>>> print(open('work.cif').read())   # mmCIF, C-alpha atoms
data_start
loop_
_atom_site.label_atom_id
_atom_site.label_comp_id
_atom_site.auth_asym_id
_atom_site.auth_seq_id
_atom_site.Cartn_x
_atom_site.Cartn_y
_atom_site.Cartn_z
CA MET A 26 38.64 -28.95 -20.51
CA ALA A 27 38.47 -25.28 -21.38
CA LYS A 28 37.27 -22.98 -18.64
CA SER A 29 34.78 -20.18 -19.17
CA ASP A 30 36.09 -16.67 -18.77
CA PRO A 31 34.10 -15.18 -15.84
CA ASN A 32 34.50 -11.72 -17.38
CA SER A 33 33.09 -12.73 -20.74
CA ASN A 34 29.61 -11.69 -21.83
CA THR A 35 28.67 -15.34 -22.33
CA ALA A 36 29.53 -16.25 -18.76
CA ASN A 37 27.65 -13.25 -17.40
CA ASP A 38 24.62 -13.96 -19.59
CA ASP A 39 24.50 -17.57 -18.42
CA THR A 40 24.69 -16.49 -14.77
CA THR A 41 22.01 -13.86 -15.25
CA GLN A 42 19.66 -16.32 -16.94
CA SER A 43 20.05 -18.78 -14.07
CA VAL A 44 19.16 -16.15 -11.46
CA VAL A 45 16.67 -13.83 -13.16
CA PRO A 46 13.40 -15.33 -14.46
CA ARG A 47 13.03 -14.82 -18.19
CA SER A 48 9.87 -12.69 -17.86
CA VAL A 49 11.55 -10.40 -15.32
CA GLY A 50 14.61 -10.11 -17.53
CA ARG A 51 12.45 -9.09 -20.48
CA VAL A 52 10.77 -6.34 -18.48
CA LEU A 53 14.10 -5.02 -17.21
CA ASP A 54 15.58 -5.14 -20.71
CA LEU A 55 12.73 -3.04 -22.06
CA LEU A 56 13.03 -0.56 -19.20
CA GLU A 57 16.76 -0.13 -19.79
CA ILE A 58 16.26 0.21 -23.55
CA VAL A 59 13.66 2.96 -23.20
CA LEU A 60 15.66 4.86 -20.58
CA ALA A 61 18.82 4.65 -22.68
CA GLU A 62 17.01 5.95 -25.75
CA ARG A 63 15.09 8.59 -23.75
CA HIS A 64 12.17 8.10 -26.17
CA CYS A 65 11.49 4.80 -27.89
CA ASN A 66 8.48 3.45 -29.73
CA LEU A 67 7.09 -0.08 -29.50
CA THR A 68 8.73 -1.30 -32.70
CA GLY A 69 12.17 -0.06 -31.73
CA ALA A 70 11.96 -1.39 -28.18
CA ALA A 71 10.73 -4.80 -29.34
CA GLU A 72 13.48 -5.09 -31.95
CA ARG A 73 16.25 -4.15 -29.53
CA ALA A 74 14.93 -6.54 -26.88
CA GLY A 75 14.50 -9.36 -29.37
CA LEU A 76 10.80 -9.70 -28.58
CA ASN A 77 7.72 -9.88 -30.75
CA PRO A 78 5.65 -6.68 -30.57
CA SER A 79 2.73 -8.24 -28.67
CA THR A 80 5.01 -9.48 -25.88
CA ALA A 81 6.88 -6.19 -25.74
CA LEU A 82 3.62 -4.25 -25.61
CA ARG A 83 2.36 -6.31 -22.67
CA HIS A 84 5.53 -5.60 -20.68
CA LEU A 85 5.62 -1.93 -21.65
CA ARG A 86 2.02 -1.50 -20.52
CA ALA A 87 2.90 -3.05 -17.16
CA LEU A 88 5.79 -0.60 -16.75
CA GLU A 89 3.49 2.25 -17.74
CA ALA A 90 0.80 1.15 -15.27
CA ARG A 91 3.36 1.24 -12.43
CA GLY A 92 4.63 4.64 -13.53
CA TYR A 93 8.13 3.54 -14.53
CA LEU A 94 7.42 4.54 -18.11
CA SER A 95 4.99 6.98 -19.68
CA ARG A 96 3.62 6.98 -23.22
CA GLY A 97 3.51 10.23 -25.15
CA ASP A 98 0.97 11.43 -27.68
CA ASP A 99 3.29 10.21 -30.44
CA GLY A 100 3.22 6.68 -29.01
CA ALA A 101 6.84 6.76 -27.84
CA TYR A 102 7.76 5.65 -24.34
CA GLY A 103 9.93 7.60 -21.93
CA ALA A 104 10.70 7.81 -18.23
CA GLY A 105 7.53 7.88 -16.14
CA PRO A 106 6.67 9.63 -12.87
CA THR A 107 7.80 6.71 -10.69
CA MET A 108 11.23 6.76 -12.29
CA TRP A 109 11.51 10.50 -11.76
CA ARG A 110 10.37 10.16 -8.15
CA LEU A 111 13.09 7.62 -7.52
CA ALA A 112 15.63 9.80 -9.29
CA THR A 113 14.99 12.64 -6.84
CA MET A 114 16.19 10.38 -4.03
CA PHE A 115 19.65 10.16 -5.64
CA GLY A 116 19.96 13.32 -7.72
CA GLY A 117 21.80 13.71 -11.00
CA ALA A 118 18.90 14.20 -13.40
CA GLU A 119 18.51 17.74 -14.75
CA PRO A 120 14.87 18.28 -13.68
CA VAL A 121 15.74 16.95 -10.23
CA GLU A 122 18.78 19.18 -9.80
CA ARG A 123 16.76 22.21 -10.94
CA LEU A 124 13.96 21.43 -8.50
CA MET A 125 16.28 20.90 -5.52
CA ALA A 126 18.30 24.04 -6.18
CA THR A 127 15.18 26.15 -6.60
CA ALA A 128 13.19 24.75 -3.68
CA GLN A 129 15.79 24.60 -0.90
CA PRO A 130 16.11 28.36 -0.19
CA LEU A 131 12.32 28.64 -0.07
CA LEU A 132 12.07 25.69 2.31
CA ASP A 133 14.64 27.37 4.56
CA GLU A 134 12.62 30.58 4.51
CA LEU A 135 9.35 28.75 5.20
CA ALA A 136 10.74 26.83 8.18
CA ALA A 137 12.24 29.97 9.69
CA GLY A 138 9.00 31.91 9.24
CA CYS A 139 6.57 29.25 10.44
CA GLY A 140 8.76 27.77 13.15
CA GLU A 141 8.02 24.23 11.93
CA SER A 142 9.87 21.86 9.62
CA ALA A 143 9.21 22.24 5.90
CA TYR A 144 9.43 19.38 3.38
CA LEU A 145 9.41 18.92 -0.37
CA ALA A 146 7.62 15.81 -1.63
CA VAL A 147 7.58 14.30 -5.10
CA SER A 148 4.92 11.87 -6.28
CA ASP A 149 4.31 9.39 -9.09
CA ARG A 150 0.54 9.49 -8.38
CA ARG A 151 0.79 6.26 -6.36
CA VAL A 152 2.91 7.34 -3.40
CA ALA A 153 4.89 10.41 -2.34
CA THR A 154 8.51 10.60 -1.22
CA TYR A 155 9.99 13.40 0.89
CA VAL A 156 13.25 14.44 -0.75
CA ALA A 157 14.28 17.77 0.81
CA THR A 158 13.71 19.56 4.10
CA ALA A 159 14.46 22.59 6.22
CA GLU A 160 14.23 21.82 9.91
CA SER A 161 12.37 23.92 12.44
CA PRO A 162 14.64 26.17 14.53
CA ARG A 163 12.86 24.97 17.69
CA ALA A 164 14.38 22.46 20.07
CA ILE A 165 11.36 20.17 19.78
CA ARG A 166 10.71 19.72 16.08
CA HIS A 167 9.75 17.19 13.47
CA VAL A 168 12.68 15.50 11.70
CA GLY A 169 13.56 12.31 9.89
CA TRP A 170 11.24 12.11 6.90
CA ILE A 171 13.88 12.54 4.19
CA GLY A 172 13.65 9.51 1.92
CA GLN A 173 10.40 8.37 3.54
CA THR A 174 7.68 7.24 1.18
CA VAL A 175 4.08 7.75 2.31
CA PRO A 176 0.73 6.73 0.84
CA LEU A 177 -1.44 9.32 -0.85
CA GLU A 178 -4.75 8.12 0.54
CA GLY A 179 -5.67 9.85 3.77
CA THR A 180 -2.51 11.96 4.05
CA ALA A 181 -2.18 15.72 3.79
CA VAL A 182 0.21 15.48 0.84
CA GLY A 183 -2.10 13.04 -0.95
CA VAL A 184 -5.16 15.24 -0.51
CA ALA A 185 -3.21 18.32 -1.58
CA LEU A 186 -2.03 16.62 -4.77
CA ASP A 187 -5.55 15.38 -5.47
CA GLN A 188 -7.03 18.83 -4.91
CA PRO A 189 -4.50 21.36 -6.23
CA GLY A 190 -5.04 24.98 -5.39
CA ARG A 191 -5.85 24.48 -1.72
CA CYS A 192 -4.09 23.42 1.45
CA ALA A 193 -4.80 20.08 3.12
CA VAL A 194 -4.43 19.43 6.84
CA ARG A 195 -4.16 16.03 8.52
CA THR A 196 -3.20 14.95 12.03
CA GLY A 197 -1.92 11.48 12.88
CA ALA A 198 -2.08 10.18 9.30
CA ILE A 199 1.52 8.91 9.38
CA GLU A 200 2.71 9.51 12.94
CA PRO A 201 0.61 9.99 16.08
CA ASP A 202 0.37 13.57 17.38
CA ILE A 203 1.95 15.00 14.23
CA THR A 204 0.09 17.50 12.03
CA ALA A 205 0.92 18.16 8.38
CA VAL A 206 -0.24 21.06 6.21
CA SER A 207 0.42 20.47 2.51
CA ARG A 208 -0.11 22.24 -0.81
CA ALA A 209 0.60 21.05 -4.36
CA VAL A 210 2.94 23.05 -6.57
CA PRO A 211 1.86 23.56 -10.19
CA ALA A 212 4.93 22.90 -12.33
CA ALA A 213 5.72 21.49 -15.76
CA LEU A 214 7.75 18.58 -14.41
CA PRO A 215 7.52 14.83 -15.16
CA PHE A 216 6.32 14.21 -11.59
CA ASP A 217 4.00 15.89 -9.10
CA ILE A 218 5.39 17.97 -6.23
CA ALA A 219 4.06 19.42 -2.98
CA ILE A 220 5.31 21.39 -0.02
CA SER A 221 4.43 20.33 3.52
CA VAL A 222 4.85 22.00 6.89
CA ILE A 223 4.95 19.39 9.64
CA GLY A 224 5.10 19.75 13.40
CA PRO A 225 3.80 18.54 16.78
CA ALA A 226 0.01 18.61 16.89
CA HIS A 227 -0.08 20.48 20.21
CA ARG A 228 1.53 23.51 18.53
CA MET A 229 -0.58 23.37 15.38
CA ASP A 230 -3.72 25.15 16.57
CA THR A 231 -6.21 26.96 14.35
CA THR A 232 -4.24 30.22 14.40
CA SER A 233 -0.95 28.51 13.58
CA ILE A 234 -2.47 26.46 10.77
CA SER A 235 -4.07 29.55 9.25
CA ALA A 236 -0.71 31.34 9.25
CA ILE A 237 0.99 28.28 7.70
CA GLU A 238 -1.65 28.07 4.96
CA THR A 239 -1.09 31.73 4.09
CA ALA A 240 2.67 31.19 4.00
CA LEU A 241 2.25 28.09 1.84
CA ASP A 242 0.03 29.92 -0.63
CA THR A 243 2.71 32.56 -1.09
CA LEU A 244 5.64 30.18 -1.21
CA VAL A 245 4.00 27.76 -3.66
CA ALA A 246 3.29 30.63 -6.05
CA ARG A 247 6.90 31.76 -5.82
CA LEU A 248 8.28 28.25 -6.31
CA ALA A 249 6.05 27.66 -9.34
CA ALA A 250 7.20 30.96 -10.86
CA ASP A 251 10.87 30.25 -10.11
CA LEU A 252 10.65 26.76 -11.63
CA GLY A 253 9.06 28.24 -14.73
CA LYS A 254 11.90 30.75 -15.06
CA ALA A 255 14.51 28.02 -14.51
CA GLN A 256 12.90 25.91 -17.21
CA GLU A 257 13.01 28.81 -19.67
CA THR A 258 16.67 29.53 -18.97
CA PRO A 259 18.96 27.78 -21.50
CA SER A 260 21.29 25.26 -19.88
#
>>> encode(input="work.cif", output="structure tokens")
Amino acid sequence: MAKSDPNSNTANDDTTQSVVPRSVGRVLDLLEIVLAERHCNLTGAAERAGLNPSTALRHLRALEARGYLSRGDDGAYGAGPTMWRLATMFGGAEPVERLMATAQPLLDELAAGCGESAYLAVSDRRVATYVATAESPRAIRHVGWIGQTVPLEGTAVGVALDQPGRCAVRTGAIEPDITAVSRAVPAALPFDIAISVIGPAHRMDTTSISAIETALDTLVARLAADLGKAQETPS
């Protein structure tokens, strides 16, 4: 009896179908199609996935609702804020590389000036993920939030993103005895971003917080301006 070639597409397809539920496979197929095309309308995505338009639309709307895809004014789908947030955790995408390169020197400056750790967070409007940091020069300092995803509700970063233009302060929202001061950064990016200064609550008194808010106001304006210049510069 002839044996199946394990490296053949047929063998791989059969294995995939036995492991991945058909509905899940359809959703993943559509996601991969849209990301590969960068921009893809319903008709094109449905045809490439071998689905009728009504089924494809249902799956595309689910991906859009979770932020993996976004739908433009022209009706075409592209990468959504969740996908961009995840991309920042691994790097490689042009907007991500531009953001990291632009933000890191300012984070270093902020941490040195405030004496507390500074973080860059990106958000898909559901959660926020801390993707870059500059640690406080002090022996006792806040560390370890790189790659950590936090809820928006009740946190300093969440309030800051919900109310751009002002700083938000929260103590104990994620960790006991830790205070965070956050401010959103206005930028033409496919995801939301914010800067946070985080440190032990016993050091974050009214005077310290006021100084951090002033520093954040200045730094956020500079970062927004620098990102705008980077975006205008031809690659």
>>> atom_distance(input="work.cif", atom1="CA of Ile234 in chain A", atom2="CA of Pro176 in chain A")
22.3 Å
>>> closest_residue(input="work.cif", among="A:Thr158, A:Thr204, A:Ser48, A:Gln129", to="Arg228 in chain A", atoms="all atoms listed in the file")
A:Thr204
>>> closest_residue(input="work.cif", among="A:Ala126, A:Ala90, A:Ala104, A:Ala246", to="Ala219 in chain A", atoms="all atoms listed in the file")
A:Ala246
>>> closest_residue(input="work.cif", among="A:Val156, A:Cys139, A:Ser148, A:Arg83", to="Met114 in chain A", atoms="all atoms listed in the file")
A:Val156
>>> resolve_selection(input="work.cif", expression="the PyMOL selection byres ((chain A and resi 225) around 9)", output="ChimeraX atom specification")
/A:141,165-167,202-205,223-224,226-229
>>> resolve_selection(input="work.cif", expression="the PyMOL selection byres ((chain A and resi 65-80) around 12)", output="PyMOL selection string")
chain A and resi 47-48+50-64+81-87+94-104
>>> atom_distance(input="work.cif", atom1="CA of Gln173 in chain A", atom2="CA of Ala250 in chain A")
27.0 Å
>>> closest_residue(input="work.cif", among="A:Val45, A:Ile237, A:Leu111, A:Leu186", to="Arg150 in chain A", atoms="all atoms listed in the file")
A:Leu186
>>> atom_distance(input="work.cif", atom1="CA of Ala209 in chain A", atom2="CA of Val245 in chain A")
7.6 Å
>>> resolve_selection(input="work.cif", expression="the PyMOL selection byres ((chain A and resi 241) around 8)", output="list in words")
Leu135, Cys192, Ser207, Arg208, Ile220, Ile237, Glu238, Thr239, Ala240, Asp242, Thr243, Leu244 and Val245 of chain A
>>> closest_residue(input="work.cif", among="A:Thr232, A:Ala146, A:Pro46, A:Val222", to="Val121 in chain A", atoms="all atoms listed in the file")
A:Ala146
>>> residues_around(input="work.cif", residues="Val152 in chain A", least_positions_apart="3", cutoff="8 Å", atoms="all atoms listed in the file", output="tab-separated table (two decimals) with C-alpha atoms, keeping the file's coordinate frame")
chain	number	residue	atom	x	y	z
A	148	SER	CA	4.92	11.87	-6.28
A	149	ASP	CA	4.31	9.39	-9.09
A	174	THR	CA	7.68	7.24	1.18
A	175	VAL	CA	4.08	7.75	2.31
A	176	PRO	CA	0.73	6.73	0.84
A	177	LEU	CA	-1.44	9.32	-0.85
A	183	GLY	CA	-2.10	13.04	-0.95
>>> residues_around(input="work.cif", residues="Leu124 in chain A", least_positions_apart="3", cutoff="12 Å", atoms="all atoms listed in the file", output="PyMOL selection string")
chain A and resi 109-110+112-113+116-121+127-132+145-147+156-157+210+212-219+248-256
>>> closest_residue(input="work.cif", among="A:Ala159, A:Ala198, A:Ala236, A:Ala164", to="Ala137 in chain A", atoms="all atoms listed in the file")
A:Ala159
